[in-house]
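Down below is the structure, laid out as structure tokens.
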Amino acid sequence: MTPAAILRTTVIVGAVAALEIACRTGAIPPTMVVAPSAMLAGAIEALGDPEFWRHFGVTVEAVAIAMALAIVGGFCVGFALTRIPPLRRAVSPFLASYYSIPHIAFYPLLIVVFGLGRTPLIVLATLFAMVAMILATMAGLDRVPSVLARTARVHRLSLASEIWRVRLPAAAPHILSGLKLAVAYSFIGVIAGEFIMSTEGIGHEIAYAYDNFNNRRMYALILIVLALVTTFNMTVFAWERRMLKRRGL
């Protein structure tokens with residue numbers, strides 16, 4: 001384990017231990033935050049509840065669809081913008097300021113357009129996550145060495161083959177960074193929408209626990225979501241590091 005990893009682990013363990021002590025001694029009232037051990041116990045109880053898995057499946061399905069649309073659509077749009085410089089120059093200011101927009105404000109409009117159900121949540125999460133993938137794709141493709149593009153032309157590769165065999169592998173580390181953000185933003189979009197207007201899903205369950213002052217259940221569900229997203233992102237991060245190490249970076 002590297003010194004940075006040891007320091008990071010020490011800080012995390014210390015913060016959790018301090019929170020546990022503060023909650024157990026009453027320095028932090030249970031109406032505000034419950035102890036980490038109570039969160040963990042509540043998470044284990046939730047994992048044994050069939051109703052939890054029904055809501056979990058609804059949320060994960062919506063997140064998976066939004067994530068797939070954001071990743072594929074973001075890559076295609078990012079690639080198109082790198083191939084059409086005038087369009088890129090016209091769109092870049094909007095991409096740079098995109099995340100200053102409160103996306104959740106568009107949820108009522110999406111309900112009017114798409115009706116009630118899962119579709120507005122998926123569209124909201126896709127719009128929230130796609131720009132991160134667009135920006136990561138553009139950053140990755142901008143850093144593809146020109147010699148690789150010339151080599152592809154020498155071998156007379158088709159555009160599809162050039163993308164798949166040359167540009168995509170060369171830009172993969174940056175694209176993986178965009179993928180991590182797309183996953184996080186997809187979860188944020190779906191769960192935030194479930195908070196506002198939904199009768200199912202993890203976001204609805206968290207909001208329901210909050211409204212009923214069930215902090216133990218609320219923090220347990222939040223812990224499960226954090227664990228899921230962190231596990232996925234750490235897996236992608238490990239893949240990214242192996243790829244960079246293989247390239248000597």
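Here, A, B, ... name the chains of the structure tokens in the order displayed, residue numbers run from 1 inside each chain, and ligands are numbered from 1 in the same displayed order.
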Could you produce a table of the residues of range 70-143 of chain A lying within 8 Å of range 193-206 of chain A, with the nearest pair of atoms per residue and their separation in Å rounded to one decimal, using only C-alpha atoms, ordered by chain and increasing residue number, as CSV?
```
residue,atom,partner,partner_atom,distance
A:Ile104,CA,A:Gly193,CA,7.2
A:Tyr107,CA,A:Gly193,CA,7.3
A:Gly117,CA,A:Ser198,CA,7.7
A:Leu121,CA,A:Gly193,CA,5.7
A:Leu124,CA,A:Gly193,CA,7.9
```
task: Mind checking which residues fall within 8 Å of Gly140 in chain A, counting only C-alpha atoms, ignoring those fewer than 2 positions away in the same chain, and posting them as an NGL selection string?
output: :A and (136-138 or 142-144 or 170-175)
statement: Expressed in Å, the length from CA of Val63 in chain A to CA of Ala182 in chain A is 10.0 Å
message: So that I can check the surroundings of Val236 in chain A, please list as a VMD selection string every protein, DNA and RNA residue that reaches within 10 Å of it, counting only C-alpha atoms and ignoring chain neighbours fewer than 2 positions away.
response: chain A and resid 173 176 to 177 179 to 180 230 to 234 238 to 242
- prompt: If we count only C-alpha atoms, what is near Met133 in chain A at a cut-off of 7 Å, once residues fewer than 6 positions away on the same chain are taken out, given as a list of chain:residue names?
  reply: A:Ala70, A:Ile71, A:Gly74, A:Phe75, A:Gly178, A:Leu179, A:Ala182
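Using only C-alpha atoms, the smallest distance between any of A:Leu221, A:Val190, A:Ile101, A:Ala38 and Val58 in chain A comes from A:Val190.
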query: Which residue out of A:Ile134, A:Leu69, A:Val112, A:Val16 has the minimum interatomic distance to Ser37 in chain A when only C-alpha atoms are used?
result: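 Result for the nearest residue to Ser37 in chain A: A:Val16.
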message: Under the rule that only C-alpha atoms are counted, which of A:Phe52, A:Phe237, A:Phe79, A:Phe128 is the nearest residue to Ala192 in chain A?
response: A:Phe128
Distance query Glu61 in chain A at most 12 Å, only C-alpha atoms, self and fewer than 4 positions along chain excluded, as number ranges by chain: A: 53-57, 65-68, 118-119, 121-122, 186-187, 190-191, 201-202
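One finds CA of Val131 in chain A at 9.4 Å from CA of Gly73 in chain A.
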message: Using DSSP assignments from the backbone, pull out every residue in range 10-244 of chain A that falls under alpha helix (DSSP H) and give it to me as number ranges by chain.
response: A: 10-25, 36-47, 50-83, 85-96, 107-114, 119-142, 146-154, 159-162, 168-196, 202-211, 215-244
- prompt: Near Arg216 in chain A, counting only C-alpha atoms, which residues have an atom at most 9 Å away, once you skip same-chain residues fewer than 4 positions from it, shown as JSON, numbers by chain?
  reply: {"A": [30, 33, 34, 35, 38, 39, 41, 42, 43, 209, 220, 221]}
